[in-house]
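Shown next: coords_26.pdb, containing PDB, C-alpha atoms.
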```
ATOM      1  CA  MET A 283      18.237  24.724  -6.980
ATOM      2  CA  PRO A 284      16.233  21.757  -8.166
ATOM      3  CA  ASP A 285      17.177  18.379  -6.758
ATOM      4  CA  GLU A 286      20.275  16.720  -8.251
ATOM      5  CA  ALA A 287      18.273  13.724  -9.428
ATOM      6  CA  LEU A 288      15.938  16.015 -11.362
ATOM      7  CA  VAL A 289      18.841  17.863 -12.933
ATOM      8  CA  ALA A 290      20.427  14.563 -13.995
ATOM      9  CA  LEU A 291      17.167  13.567 -15.687
ATOM     10  CA  ALA A 292      16.954  16.982 -17.339
ATOM     11  CA  GLU A 293      20.472  16.556 -18.721
ATOM     12  CA  ARG A 294      19.554  13.184 -20.212
ATOM     13  CA  LEU A 295      16.351  14.619 -21.685
ATOM     14  CA  GLN A 296      18.257  17.491 -23.248
ATOM     15  CA  GLY A 297      20.735  15.135 -24.891
ATOM     16  CA  VAL A 298      17.967  13.068 -26.447
ATOM     17  CA  CYS A 299      15.771  15.979 -27.549
ATOM     18  CA  LEU A 300      18.568  18.086 -29.021
ATOM     19  CA  GLY A 301      19.807  15.049 -30.916
ATOM     20  CA  ARG A 302      16.384  14.290 -32.342
ATOM     21  CA  GLY A 303      15.146  17.849 -32.806
ATOM     22  CA  LEU A 304      12.195  17.483 -30.457
ATOM     23  CA  PRO A 305      10.693  20.649 -28.967
ATOM     24  CA  VAL A 306       9.249  19.978 -25.512
ATOM     25  CA  ALA A 307       6.670  21.676 -23.282
ATOM     26  CA  ALA A 308       5.132  20.986 -19.889
ATOM     27  CA  ALA A 309       1.938  21.640 -17.956
ATOM     28  CA  GLU A 310       2.444  21.558 -14.215
ATOM     29  CA  SER A 311      -0.041  21.656 -11.385
ATOM     30  CA  CYS A 312       1.200  20.102  -8.132
ATOM     31  CA  THR A 313       4.857  20.313  -9.181
ATOM     32  CA  GLY A 314       4.361  24.066  -9.545
ATOM     33  CA  GLY A 315       7.342  24.744 -11.796
ATOM     34  CA  LEU A 316       9.802  22.078 -10.629
ATOM     35  CA  ILE A 317       9.919  20.428 -14.042
ATOM     36  CA  GLY A 318      10.604  23.698 -15.830
ATOM     37  CA  ALA A 319      13.148  24.714 -13.218
ATOM     38  CA  ALA A 320      15.010  21.426 -13.562
ATOM     39  CA  ILE A 321      14.988  21.521 -17.365
ATOM     40  CA  THR A 322      16.169  25.138 -17.545
ATOM     41  CA  SER A 323      18.891  24.622 -14.939
ATOM     42  CA  VAL A 324      20.866  22.958 -17.745
ATOM     43  CA  PRO A 325      22.720  25.381 -20.056
ATOM     44  CA  GLY A 326      21.515  25.030 -23.627
ATOM     45  CA  SER A 327      17.984  23.996 -22.662
ATOM     46  CA  SER A 328      16.615  26.806 -24.803
ATOM     47  CA  GLY A 329      17.591  24.618 -27.751
ATOM     48  CA  TYR A 330      14.608  22.345 -27.193
ATOM     49  CA  PHE A 331      12.493  23.576 -24.249
ATOM     50  CA  LEU A 332       9.699  25.928 -25.289
ATOM     51  CA  GLY A 333       8.145  26.573 -21.907
ATOM     52  CA  ALA A 334       5.618  25.409 -19.372
ATOM     53  CA  VAL A 335       2.294  26.396 -17.966
ATOM     54  CA  VAL A 336       2.058  26.220 -14.207
ATOM     55  CA  ALA A 337      -1.709  25.907 -13.919
ATOM     56  CA  TYR A 338      -2.218  25.863 -10.190
ATOM     57  CA  ALA A 339      -5.764  27.229 -10.010
ATOM     58  CA  ASP A 340      -8.529  25.504 -11.960
ATOM     59  CA  ALA A 341      -9.210  28.755 -13.821
ATOM     60  CA  ALA A 342      -5.614  28.733 -15.057
ATOM     61  CA  LYS A 343      -6.053  25.201 -16.395
ATOM     62  CA  GLY A 344      -8.906  26.516 -18.515
ATOM     63  CA  ALA A 345      -7.491  29.881 -19.524
ATOM     64  CA  LEU A 346      -3.942  28.790 -20.335
ATOM     65  CA  LEU A 347      -4.373  25.160 -21.376
ATOM     66  CA  GLY A 348      -7.949  24.946 -22.606
ATOM     67  CA  VAL A 349      -8.933  22.266 -20.112
ATOM     68  CA  PRO A 350     -12.750  22.194 -20.320
ATOM     69  CA  THR A 351     -14.614  23.253 -17.181
ATOM     70  CA  ALA A 352     -16.824  20.203 -17.706
ATOM     71  CA  THR A 353     -13.775  17.927 -17.388
ATOM     72  CA  LEU A 354     -12.762  19.526 -14.113
ATOM     73  CA  GLU A 355     -16.321  19.420 -12.765
ATOM     74  CA  ALA A 356     -16.939  15.819 -13.774
ATOM     75  CA  HIS A 357     -13.597  14.283 -12.826
ATOM     76  CA  GLY A 358     -11.748  16.824 -10.700
ATOM     77  CA  ALA A 359      -8.442  18.572 -11.342
ATOM     78  CA  VAL A 360      -6.588  15.484 -10.127
ATOM     79  CA  SER A 361      -7.822  12.971 -12.673
ATOM     80  CA  ALA A 362      -6.665  11.085 -15.733
ATOM     81  CA  GLN A 363      -8.952  13.218 -17.875
ATOM     82  CA  ALA A 364      -7.497  16.484 -16.563
ATOM     83  CA  ALA A 365      -3.924  15.234 -17.014
ATOM     84  CA  MET A 366      -4.607  14.289 -20.627
ATOM     85  CA  ALA A 367      -6.295  17.612 -21.379
ATOM     86  CA  MET A 368      -3.414  19.517 -19.771
ATOM     87  CA  ALA A 369      -0.786  17.667 -21.819
ATOM     88  CA  THR A 370      -2.764  18.100 -25.029
ATOM     89  CA  GLY A 371      -3.302  21.787 -24.308
ATOM     90  CA  ALA A 372       0.377  22.414 -23.612
ATOM     91  CA  ARG A 373       1.448  20.533 -26.731
ATOM     92  CA  GLU A 374      -0.944  22.494 -28.949
ATOM     93  CA  ARG A 375      -0.499  25.954 -27.456
ATOM     94  CA  LEU A 376       3.282  25.758 -27.277
ATOM     95  CA  GLU A 377       3.537  23.906 -30.605
ATOM     96  CA  ALA A 378       5.679  21.198 -29.060
ATOM     97  CA  ALA A 379       6.419  17.713 -30.321
ATOM     98  CA  LEU A 380       6.125  16.311 -26.808
ATOM     99  CA  ALA A 381       4.337  17.718 -23.777
ATOM    100  CA  VAL A 382       4.125  16.254 -20.314
ATOM    101  CA  SER A 383       1.597  17.169 -17.620
ATOM    102  CA  VAL A 384       1.406  16.542 -13.893
ATOM    103  CA  THR A 385      -1.580  16.900 -11.610
ATOM    104  CA  GLY A 386      -1.677  15.419  -8.143
ATOM    105  CA  ILE A 387      -2.256  15.863  -4.452
ATOM    106  CA  ALA A 388       1.041  16.818  -2.854
ATOM    107  CA  GLY A 389      -0.383  17.248   0.653
ATOM    108  CA  PRO A 390      -0.287  17.630   3.517
ATOM    109  CA  ASP A 391      -3.957  18.615   3.049
ATOM    110  CA  GLY A 392      -6.385  17.938   0.224
ATOM    111  CA  GLY A 393      -6.430  14.151   0.359
ATOM    112  CA  SER A 394      -9.533  11.941   0.645
ATOM    113  CA  PRO A 395     -10.179   8.178   0.733
ATOM    114  CA  ALA A 396     -10.859   8.210  -3.011
ATOM    115  CA  LYS A 397      -7.974  10.570  -3.802
ATOM    116  CA  PRO A 398      -5.260  10.201  -1.165
ATOM    117  CA  VAL A 399      -2.224  12.431  -0.725
ATOM    118  CA  GLY A 400       0.363  11.236  -3.222
ATOM    119  CA  LEU A 401      -2.139  10.422  -5.971
ATOM    120  CA  THR A 402      -0.622  11.767  -9.177
ATOM    121  CA  TYR A 403      -1.587  11.603 -12.827
ATOM    122  CA  ILE A 404       0.997  12.211 -15.518
ATOM    123  CA  GLY A 405      -0.061  12.872 -19.100
ATOM    124  CA  LEU A 406       2.138  12.611 -22.172
ATOM    125  CA  ALA A 407       1.057  14.117 -25.468
ATOM    126  CA  ALA A 408       3.007  13.098 -28.568
ATOM    127  CA  PRO A 409       2.367  13.060 -32.306
ATOM    128  CA  SER A 410       0.902   9.564 -31.854
ATOM    129  CA  GLY A 411      -1.649  10.704 -29.266
ATOM    130  CA  VAL A 412      -1.971  11.209 -25.539
ATOM    131  CA  GLU A 413      -1.473   8.725 -22.726
ATOM    132  CA  VAL A 414      -1.794   8.905 -18.955
ATOM    133  CA  ARG A 415      -0.223   7.137 -15.991
ATOM    134  CA  ARG A 416      -1.549   6.948 -12.449
ATOM    135  CA  LEU A 417       0.879   6.889  -9.514
ATOM    136  CA  VAL A 418       0.488   6.937  -5.757
ATOM    137  CA  LEU A 419       3.682   8.493  -4.417
ATOM    138  CA  ALA A 420       4.924   8.185  -0.842
ATOM    139  CA  GLY A 421       6.430  10.782   1.432
ATOM    140  CA  ASP A 422       5.864  14.381   2.432
ATOM    141  CA  ARG A 423       4.942  17.294   0.176
ATOM    142  CA  ALA A 424       8.502  17.822  -1.059
ATOM    143  CA  ALA A 425       9.023  14.113  -1.715
ATOM    144  CA  VAL A 426       5.745  13.743  -3.615
ATOM    145  CA  ARG A 427       6.504  16.775  -5.774
ATOM    146  CA  GLU A 428      10.031  15.663  -6.588
ATOM    147  CA  ALA A 429       8.964  12.097  -7.348
ATOM    148  CA  ALA A 430       6.204  13.399  -9.612
ATOM    149  CA  ALA A 431       8.628  15.667 -11.472
ATOM    150  CA  ALA A 432      11.125  12.809 -11.791
ATOM    151  CA  ALA A 433       8.458  10.479 -13.188
ATOM    152  CA  ALA A 434       7.434  13.110 -15.724
ATOM    153  CA  LEU A 435      11.009  13.697 -16.892
ATOM    154  CA  ALA A 436      11.702   9.949 -17.071
ATOM    155  CA  TRP A 437       8.609   9.381 -19.209
ATOM    156  CA  LEU A 438       9.596  12.233 -21.513
ATOM    157  CA  ILE A 439      13.008  10.595 -22.006
ATOM    158  CA  GLU A 440      11.368   7.230 -22.664
ATOM    159  CA  VAL A 441       9.101   8.660 -25.364
ATOM    160  CA  ALA A 442      11.733  10.963 -26.857
ATOM    161  CA  GLU A 443      14.106   8.050 -27.350
ATOM    162  CA  VAL A 444      11.717   6.378 -29.786
ATOM    163  CA  ALA A 445      10.145   9.487 -31.334
ATOM    164  CA  GLY A 446      11.109  12.323 -33.587
ATOM    165  CA  PRO A 447      12.330  13.018 -37.079
ATOM    166  CA  GLU A 448      15.463  10.923 -36.706
ATOM    167  CA  ALA A 449      13.718   7.880 -35.246
ATOM    168  CA  PRO A 450      13.724   4.808 -37.514
ATOM    169  CA  SER A 451       9.990   4.363 -37.079
ATOM    170  CA  ALA A 452       9.150   7.959 -37.977
TER     171      ALA A 452
ATOM    172  CA  MET B 285      13.819  21.440  -3.787
ATOM    173  CA  PRO B 286      14.041  25.176  -4.286
ATOM    174  CA  ASP B 287      16.674  27.034  -2.309
ATOM    175  CA  GLU B 288      15.898  27.709   1.366
ATOM    176  CA  ALA B 289      16.120  31.464   0.883
ATOM    177  CA  LEU B 290      13.503  31.293  -1.871
ATOM    178  CA  VAL B 291      11.202  29.180   0.267
ATOM    179  CA  ALA B 292      11.532  31.661   3.141
ATOM    180  CA  LEU B 293      10.527  34.489   0.801
ATOM    181  CA  ALA B 294       7.627  32.402  -0.502
ATOM    182  CA  GLU B 295       6.417  31.840   3.072
ATOM    183  CA  ARG B 296       6.475  35.582   3.755
ATOM    184  CA  LEU B 297       4.668  36.297   0.496
ATOM    185  CA  GLN B 298       1.981  33.761   1.322
ATOM    186  CA  GLY B 299       1.375  35.319   4.716
ATOM    187  CA  VAL B 300       0.897  38.757   3.225
ATOM    188  CA  CYS B 301      -1.219  37.679   0.251
ATOM    189  CA  LEU B 302      -3.526  35.376   2.187
ATOM    190  CA  GLY B 303      -4.056  38.106   4.752
ATOM    191  CA  ARG B 304      -4.904  40.693   2.129
ATOM    192  CA  GLY B 305      -6.748  38.460  -0.323
ATOM    193  CA  LEU B 306      -4.338  39.060  -3.187
ATOM    194  CA  PRO B 307      -4.248  36.482  -5.989
ATOM    195  CA  VAL B 308      -0.767  36.278  -7.526
ATOM    196  CA  ALA B 309       0.651  35.078 -10.854
ATOM    197  CA  ALA B 310       4.079  34.951 -12.472
ATOM    198  CA  ALA B 311       5.691  34.977 -15.899
ATOM    199  CA  GLU B 312       9.119  33.378 -15.929
ATOM    200  CA  SER B 313      11.736  33.232 -18.617
ATOM    201  CA  CYS B 314      15.298  32.743 -17.339
ATOM    202  CA  THR B 315      14.114  31.467 -13.938
ATOM    203  CA  GLY B 316      12.270  28.719 -15.796
ATOM    204  CA  GLY B 317       9.831  27.804 -13.031
ATOM    205  CA  LEU B 318      11.909  28.538  -9.928
ATOM    206  CA  ILE B 319       9.463  31.177  -8.698
ATOM    207  CA  GLY B 320       6.464  28.898  -9.095
ATOM    208  CA  ALA B 321       8.340  25.991  -7.548
ATOM    209  CA  ALA B 322       9.312  28.074  -4.511
ATOM    210  CA  ILE B 323       5.808  29.479  -4.042
ATOM    211  CA  THR B 324       4.122  26.082  -4.346
ATOM    212  CA  SER B 325       6.603  24.386  -2.037
ATOM    213  CA  VAL B 326       4.661  26.039   0.793
ATOM    214  CA  PRO B 327       1.491  24.168   1.878
ATOM    215  CA  GLY B 328      -1.584  26.343   1.413
ATOM    216  CA  SER B 329      -0.139  28.274  -1.529
ATOM    217  CA  SER B 330      -3.208  27.354  -3.590
ATOM    218  CA  GLY B 331      -5.031  29.893  -1.423
ATOM    219  CA  TYR B 332      -3.459  32.765  -3.343
ATOM    220  CA  PHE B 333      -1.216  31.488  -6.148
ATOM    221  CA  LEU B 334      -3.029  31.110  -9.470
ATOM    222  CA  GLY B 335      -0.160  29.908 -11.607
ATOM    223  CA  ALA B 336       2.717  30.907 -13.813
ATOM    224  CA  VAL B 337       3.714  30.923 -17.412
ATOM    225  CA  VAL B 338       7.225  29.700 -18.095
ATOM    226  CA  ALA B 339       7.735  31.394 -21.441
ATOM    227  CA  TYR B 340      11.174  30.191 -22.418
ATOM    228  CA  ALA B 341      10.892  30.463 -26.195
ATOM    229  CA  ASP B 342       9.926  33.774 -27.770
ATOM    230  CA  ALA B 343       6.935  32.103 -29.405
ATOM    231  CA  ALA B 344       5.682  31.120 -25.951
ATOM    232  CA  LYS B 345       5.949  34.724 -24.780
ATOM    233  CA  GLY B 346       3.569  35.638 -27.591
ATOM    234  CA  ALA B 347       1.204  32.680 -27.464
ATOM    235  CA  LEU B 348       0.790  32.433 -23.707
ATOM    236  CA  LEU B 349       1.362  36.013 -22.527
ATOM    237  CA  GLY B 350       0.444  38.125 -25.538
ATOM    238  CA  VAL B 351       3.857  39.772 -25.750
ATOM    239  CA  PRO B 352       3.837  41.493 -29.164
ATOM    240  CA  THR B 353       6.315  40.173 -31.710
ATOM    241  CA  ALA B 354       7.181  43.798 -32.458
ATOM    242  CA  THR B 355       8.294  44.295 -28.839
ATOM    243  CA  LEU B 356      10.581  41.280 -29.022
ATOM    244  CA  GLU B 357      11.980  42.313 -32.394
ATOM    245  CA  ALA B 358      12.572  45.934 -31.413
ATOM    246  CA  HIS B 359      13.950  45.452 -27.901
ATOM    247  CA  GLY B 360      14.764  41.752 -27.526
ATOM    248  CA  ALA B 361      13.346  39.213 -25.097
ATOM    249  CA  VAL B 362      15.660  40.522 -22.380
ATOM    250  CA  SER B 363      14.414  44.094 -22.143
ATOM    251  CA  ALA B 364      12.368  46.359 -19.942
ATOM    252  CA  GLN B 365       9.623  46.368 -22.547
ATOM    253  CA  ALA B 366       9.422  42.571 -22.681
ATOM    254  CA  ALA B 367       9.395  42.306 -18.889
ATOM    255  CA  MET B 368       6.511  44.760 -18.626
ATOM    256  CA  ALA B 369       4.522  43.003 -21.348
ATOM    257  CA  MET B 370       5.105  39.638 -19.688
ATOM    258  CA  ALA B 371       3.908  40.883 -16.297
ATOM    259  CA  THR B 372       0.879  42.577 -17.806
ATOM    260  CA  GLY B 373       0.046  39.480 -19.835
ATOM    261  CA  ALA B 374       0.279  37.184 -16.829
ATOM    262  CA  ARG B 375      -1.817  39.509 -14.680
ATOM    263  CA  GLU B 376      -4.562  39.734 -17.309
ATOM    264  CA  ARG B 377      -4.630  36.123 -18.455
ATOM    265  CA  LEU B 378      -4.537  34.663 -14.970
ATOM    266  CA  GLU B 379      -6.816  37.367 -13.558
ATOM    267  CA  ALA B 380      -4.359  38.123 -10.769
ATOM    268  CA  ALA B 381      -4.106  41.190  -8.556
ATOM    269  CA  LEU B 382      -0.321  41.089  -8.771
ATOM    270  CA  ALA B 383       1.918  39.484 -11.370
ATOM    271  CA  VAL B 384       5.684  39.418 -11.484
ATOM    272  CA  SER B 385       7.848  38.665 -14.507
ATOM    273  CA  VAL B 386      11.510  37.815 -14.973
ATOM    274  CA  THR B 387      13.547  37.859 -18.152
ATOM    275  CA  GLY B 388      17.319  37.776 -18.163
ATOM    276  CA  ILE B 389      20.524  36.223 -19.367
ATOM    277  CA  ALA B 390      21.464  33.447 -16.962
ATOM    278  CA  GLY B 391      24.509  32.335 -18.912
ATOM    279  CA  PRO B 392      26.987  30.867 -19.387
ATOM    280  CA  ASP B 393      26.290  31.748 -23.029
ATOM    281  CA  GLY B 394      24.091  34.408 -24.592
ATOM    282  CA  GLY B 395      25.785  37.485 -23.186
ATOM    283  CA  SER B 396      27.061  40.480 -25.173
ATOM    284  CA  PRO B 397      28.687  43.804 -24.291
ATOM    285  CA  ALA B 398      25.287  45.521 -24.407
ATOM    286  CA  LYS B 399      23.496  42.684 -22.599
ATOM    287  CA  PRO B 400      25.954  40.842 -20.344
ATOM    288  CA  VAL B 401      25.329  37.592 -18.522
ATOM    289  CA  GLY B 402      23.461  38.488 -15.346
ATOM    290  CA  LEU B 403      21.361  41.242 -16.931
ATOM    291  CA  THR B 404      17.846  40.747 -15.621
ATOM    292  CA  TYR B 405      14.615  42.704 -15.930
ATOM    293  CA  ILE B 406      11.824  42.191 -13.436
ATOM    294  CA  GLY B 407       8.326  43.460 -14.146
ATOM    295  CA  LEU B 408       5.558  43.976 -11.618
ATOM    296  CA  ALA B 409       1.967  44.458 -12.731
ATOM    297  CA  ALA B 410      -0.502  45.699 -10.122
ATOM    298  CA  PRO B 411      -3.870  47.463 -10.170
ATOM    299  CA  SER B 412      -1.969  50.766 -10.199
ATOM    300  CA  GLY B 413       0.027  49.879 -13.330
ATOM    301  CA  VAL B 414       3.220  48.123 -14.345
ATOM    302  CA  GLU B 415       6.800  48.874 -13.316
ATOM    303  CA  VAL B 416      10.165  47.394 -14.204
ATOM    304  CA  ARG B 417      13.529  47.048 -12.497
ATOM    305  CA  ARG B 418      16.883  46.368 -14.128
ATOM    306  CA  LEU B 419      19.488  44.285 -12.306
ATOM    307  CA  VAL B 420      22.902  42.943 -13.205
ATOM    308  CA  LEU B 421      23.373  39.835 -11.095
ATOM    309  CA  ALA B 422      26.697  38.208 -10.331
ATOM    310  CA  GLY B 423      27.650  34.555 -10.320
ATOM    311  CA  ASP B 424      27.100  31.422 -12.357
ATOM    312  CA  ARG B 425      23.879  30.297 -14.010
ATOM    313  CA  ALA B 426      22.407  28.864 -10.805
ATOM    314  CA  ALA B 427      23.322  31.965  -8.795
ATOM    315  CA  VAL B 428      21.861  34.352 -11.362
ATOM    316  CA  ARG B 429      18.619  32.379 -11.559
ATOM    317  CA  GLU B 430      18.209  32.166  -7.803
ATOM    318  CA  ALA B 431      19.030  35.829  -7.274
ATOM    319  CA  ALA B 432      16.528  36.774  -9.971
ATOM    320  CA  ALA B 433      13.813  34.627  -8.387
ATOM    321  CA  ALA B 434      14.607  36.089  -4.961
ATOM    322  CA  ALA B 435      14.394  39.636  -6.281
ATOM    323  CA  ALA B 436      11.033  38.875  -7.884
ATOM    324  CA  LEU B 437       9.608  37.390  -4.693
ATOM    325  CA  ALA B 438      10.948  40.251  -2.583
ATOM    326  CA  TRP B 439       9.364  42.820  -4.887
ATOM    327  CA  LEU B 440       6.038  40.966  -4.765
ATOM    328  CA  ILE B 441       6.155  41.104  -0.956
ATOM    329  CA  GLU B 442       7.001  44.803  -1.046
ATOM    330  CA  VAL B 443       4.025  45.603  -3.289
ATOM    331  CA  ALA B 444       1.618  43.217  -1.572
ATOM    332  CA  GLU B 445       2.280  44.828   1.788
ATOM    333  CA  VAL B 446       0.841  48.133   0.594
ATOM    334  CA  ALA B 447      -1.793  46.826  -1.830
ATOM    335  CA  GLY B 448      -5.031  44.984  -1.729
ATOM    336  CA  PRO B 449      -8.541  45.238  -0.401
ATOM    337  CA  GLU B 450      -7.432  45.578   3.208
ATOM    338  CA  ALA B 451      -4.825  48.247   2.576
ATOM    339  CA  PRO B 452      -5.685  51.634   4.085
ATOM    340  CA  SER B 453      -5.050  53.386   0.777
ATOM    341  CA  ALA B 454      -7.344  51.099  -1.233
TER     342      ALA B 454
END
```
Written form, structure tokens:
Amino acid sequence: MPDEALVALAERLQGVCLGRGLPVAAAESCTGGLIGAAITSVPGSSGYFLGAVVAYADAAKGALLGVPTATLEAHGAVSAQAAMAMATGARERLEAALAVSVTGIAGPDGGSPAKPVGLTYIGLAAPSGVEVRRLVLAGDRAAVREAAAAAALAWLIEVAEVAGPEAPSA
Amino acid sequence: MPDEALVALAERLQGVCLGRGLPVAAAESCTGGLIGAAITSVPGSSGYFLGAVVAYADAAKGALLGVPTATLEAHGAVSAQAAMAMATGARERLEAALAVSVTGIAGPDGGSPAKPVGLTYIGLAAPSGVEVRRLVLAGDRAAVREAAAAAALAWLIEVAEVAGPEAPSA
């Protein structure tokens, strides 16, 4: 079972997205499916959740999300550029209104001085464009993954609350 | 965090697949990412796990896994045919040696006399071809999803133990 905090976020997201008619997708690397698992733990999630791509290997980021090899070679899989390309790819391929992406270094290995364990980029693709946030999360592998998934769900809620067909600004 | 039993299965799977050099992929519908989350909870899983497609909506099963619309229309998304097409699609698109798929009715809604809550099909695509198993799992939504993910991981282990470049029969 996903963590209770993730499920609580998924319930809030579902309420907002069902109310506003917003189909949602995700592209997960270091979280490996945690976001999808949390979202789909809530009955009725099929009403707004289209699916997710768990692109763990670099080849999967290209094949399933269209992330250019040049982006991965120039900036690495854990980069703002990769996160944005992943979110954009998920939004387009799954025909979602909103798509979130997560790429990071969950540890315990794989860190470096320039890219320490806990470094996480979250991308958010919406009709208005794509944005990215950079986080450095504390804790062990499980804690980093859960905090990354929580941050992604929280950002989705934030954007969903002001987006969509029923939003005053739409 | 994924369930301890799932993580234990993921650890066993990793041991077998790293030892035999078997890249693995998954296609998840009702489990929604649980399989990927369990696999990637284990440090070092990037050594064999390529990724997963969480194809929750039917459109995602087509766009990301190449499941034919005709298959979904004729047999439904929860069917042996869909499970086999999902596993085959994941294996081909992620260039995996082994790919597992899960499609089922986790409940509480969506069941019918012909397809009750708990009905689950698991597909397994390997170099030798694709197979499917039909299960009817007991319990609530969380129990059905976890049992389905566990069955998928256990079947992957079973096949990996007799497959791969280091297997005597290869």
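Among the candidate residues A:Val349, A:Val298, A:Val384, A:Val324, the one lying nearest to Glu428 (chain A) is A:Val384, with distances computed using all atoms listed in the file.
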Using all atoms listed in the file, select each residue of chain B with any atom at most 10 Å away from an atom of chain A, and give the selection as a VMD selection string.
-> chain B and resid 285 to 288 290 309 to 349 377 to 379 390 to 394 425 to 427 429 to 430
May I have the selected residues written with C-alpha atoms, as a PDB file, in the coordinates of the input?
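The resulting out-v9.pdb:
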```pdb
ATOM      1  CA  MET B 285      13.819  21.440  -3.787  1.00  0.00           C
ATOM      2  CA  PRO B 286      14.041  25.176  -4.286  1.00  0.00           C
ATOM      3  CA  ASP B 287      16.674  27.034  -2.309  1.00  0.00           C
ATOM      4  CA  GLU B 288      15.898  27.709   1.366  1.00  0.00           C
ATOM      5  CA  LEU B 290      13.503  31.293  -1.871  1.00  0.00           C
ATOM      6  CA  ALA B 309       0.651  35.078 -10.854  1.00  0.00           C
ATOM      7  CA  ALA B 310       4.079  34.951 -12.472  1.00  0.00           C
ATOM      8  CA  ALA B 311       5.691  34.977 -15.899  1.00  0.00           C
ATOM      9  CA  GLU B 312       9.119  33.378 -15.929  1.00  0.00           C
ATOM     10  CA  SER B 313      11.736  33.232 -18.617  1.00  0.00           C
ATOM     11  CA  CYS B 314      15.298  32.743 -17.339  1.00  0.00           C
ATOM     12  CA  THR B 315      14.114  31.467 -13.938  1.00  0.00           C
ATOM     13  CA  GLY B 316      12.270  28.719 -15.796  1.00  0.00           C
ATOM     14  CA  GLY B 317       9.831  27.804 -13.031  1.00  0.00           C
ATOM     15  CA  LEU B 318      11.909  28.538  -9.928  1.00  0.00           C
ATOM     16  CA  ILE B 319       9.463  31.177  -8.698  1.00  0.00           C
ATOM     17  CA  GLY B 320       6.464  28.898  -9.095  1.00  0.00           C
ATOM     18  CA  ALA B 321       8.340  25.991  -7.548  1.00  0.00           C
ATOM     19  CA  ALA B 322       9.312  28.074  -4.511  1.00  0.00           C
ATOM     20  CA  ILE B 323       5.808  29.479  -4.042  1.00  0.00           C
ATOM     21  CA  THR B 324       4.122  26.082  -4.346  1.00  0.00           C
ATOM     22  CA  SER B 325       6.603  24.386  -2.037  1.00  0.00           C
ATOM     23  CA  VAL B 326       4.661  26.039   0.793  1.00  0.00           C
ATOM     24  CA  PRO B 327       1.491  24.168   1.878  1.00  0.00           C
ATOM     25  CA  GLY B 328      -1.584  26.343   1.413  1.00  0.00           C
ATOM     26  CA  SER B 329      -0.139  28.274  -1.529  1.00  0.00           C
ATOM     27  CA  SER B 330      -3.208  27.354  -3.590  1.00  0.00           C
ATOM     28  CA  GLY B 331      -5.031  29.893  -1.423  1.00  0.00           C
ATOM     29  CA  TYR B 332      -3.459  32.765  -3.343  1.00  0.00           C
ATOM     30  CA  PHE B 333      -1.216  31.488  -6.148  1.00  0.00           C
ATOM     31  CA  LEU B 334      -3.029  31.110  -9.470  1.00  0.00           C
ATOM     32  CA  GLY B 335      -0.160  29.908 -11.607  1.00  0.00           C
ATOM     33  CA  ALA B 336       2.717  30.907 -13.813  1.00  0.00           C
ATOM     34  CA  VAL B 337       3.714  30.923 -17.412  1.00  0.00           C
ATOM     35  CA  VAL B 338       7.225  29.700 -18.095  1.00  0.00           C
ATOM     36  CA  ALA B 339       7.735  31.394 -21.441  1.00  0.00           C
ATOM     37  CA  TYR B 340      11.174  30.191 -22.418  1.00  0.00           C
ATOM     38  CA  ALA B 341      10.892  30.463 -26.195  1.00  0.00           C
ATOM     39  CA  ASP B 342       9.926  33.774 -27.770  1.00  0.00           C
ATOM     40  CA  ALA B 343       6.935  32.103 -29.405  1.00  0.00           C
ATOM     41  CA  ALA B 344       5.682  31.120 -25.951  1.00  0.00           C
ATOM     42  CA  LYS B 345       5.949  34.724 -24.780  1.00  0.00           C
ATOM     43  CA  GLY B 346       3.569  35.638 -27.591  1.00  0.00           C
ATOM     44  CA  ALA B 347       1.204  32.680 -27.464  1.00  0.00           C
ATOM     45  CA  LEU B 348       0.790  32.433 -23.707  1.00  0.00           C
ATOM     46  CA  LEU B 349       1.362  36.013 -22.527  1.00  0.00           C
ATOM     47  CA  ARG B 377      -4.630  36.123 -18.455  1.00  0.00           C
ATOM     48  CA  LEU B 378      -4.537  34.663 -14.970  1.00  0.00           C
ATOM     49  CA  GLU B 379      -6.816  37.367 -13.558  1.00  0.00           C
ATOM     50  CA  ALA B 390      21.464  33.447 -16.962  1.00  0.00           C
ATOM     51  CA  GLY B 391      24.509  32.335 -18.912  1.00  0.00           C
ATOM     52  CA  PRO B 392      26.987  30.867 -19.387  1.00  0.00           C
ATOM     53  CA  ASP B 393      26.290  31.748 -23.029  1.00  0.00           C
ATOM     54  CA  GLY B 394      24.091  34.408 -24.592  1.00  0.00           C
ATOM     55  CA  ARG B 425      23.879  30.297 -14.010  1.00  0.00           C
ATOM     56  CA  ALA B 426      22.407  28.864 -10.805  1.00  0.00           C
ATOM     57  CA  ALA B 427      23.322  31.965  -8.795  1.00  0.00           C
ATOM     58  CA  ARG B 429      18.619  32.379 -11.559  1.00  0.00           C
ATOM     59  CA  GLU B 430      18.209  32.166  -7.803  1.00  0.00           C
TER      60      GLU B 430
END
```
List the residues matched by the PyMOL selection byres ((chain A and resi 404-406) around 6) in the displayed structure as number ranges by chain, ordered by chain and then by residue number.
-> A: 365-366, 369, 381-384, 403, 407, 412-415
Which centre and which edge lengths, in Å to one decimal, describe the axis-aligned box that holds all listed atoms of region 310-317 of chain A after 4 Å is added on each side, as AutoDock Vina command-line options?
```
--center_x 4.9 --center_y 22.4 --center_z -11.2 --size_x 18.0 --size_y 12.6 --size_z 14.1
```
Would you kindly translate the PyMOL selection byres ((chain A and resi 387) around 8) into the concrete residues it picks from this file, as an NGL selection string?
-> :A and (312 or 360 or 385-386 or 388-389 or 392-393 or 397-402)
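A straight line drawn from CA of Glu357 (chain B) to CA of Ala422 (chain B) is 26.8 Å long.
For the pair CA of Ala380 (chain B) and CA of Ser412 (chain B), the interatomic distance is 12.9 Å.
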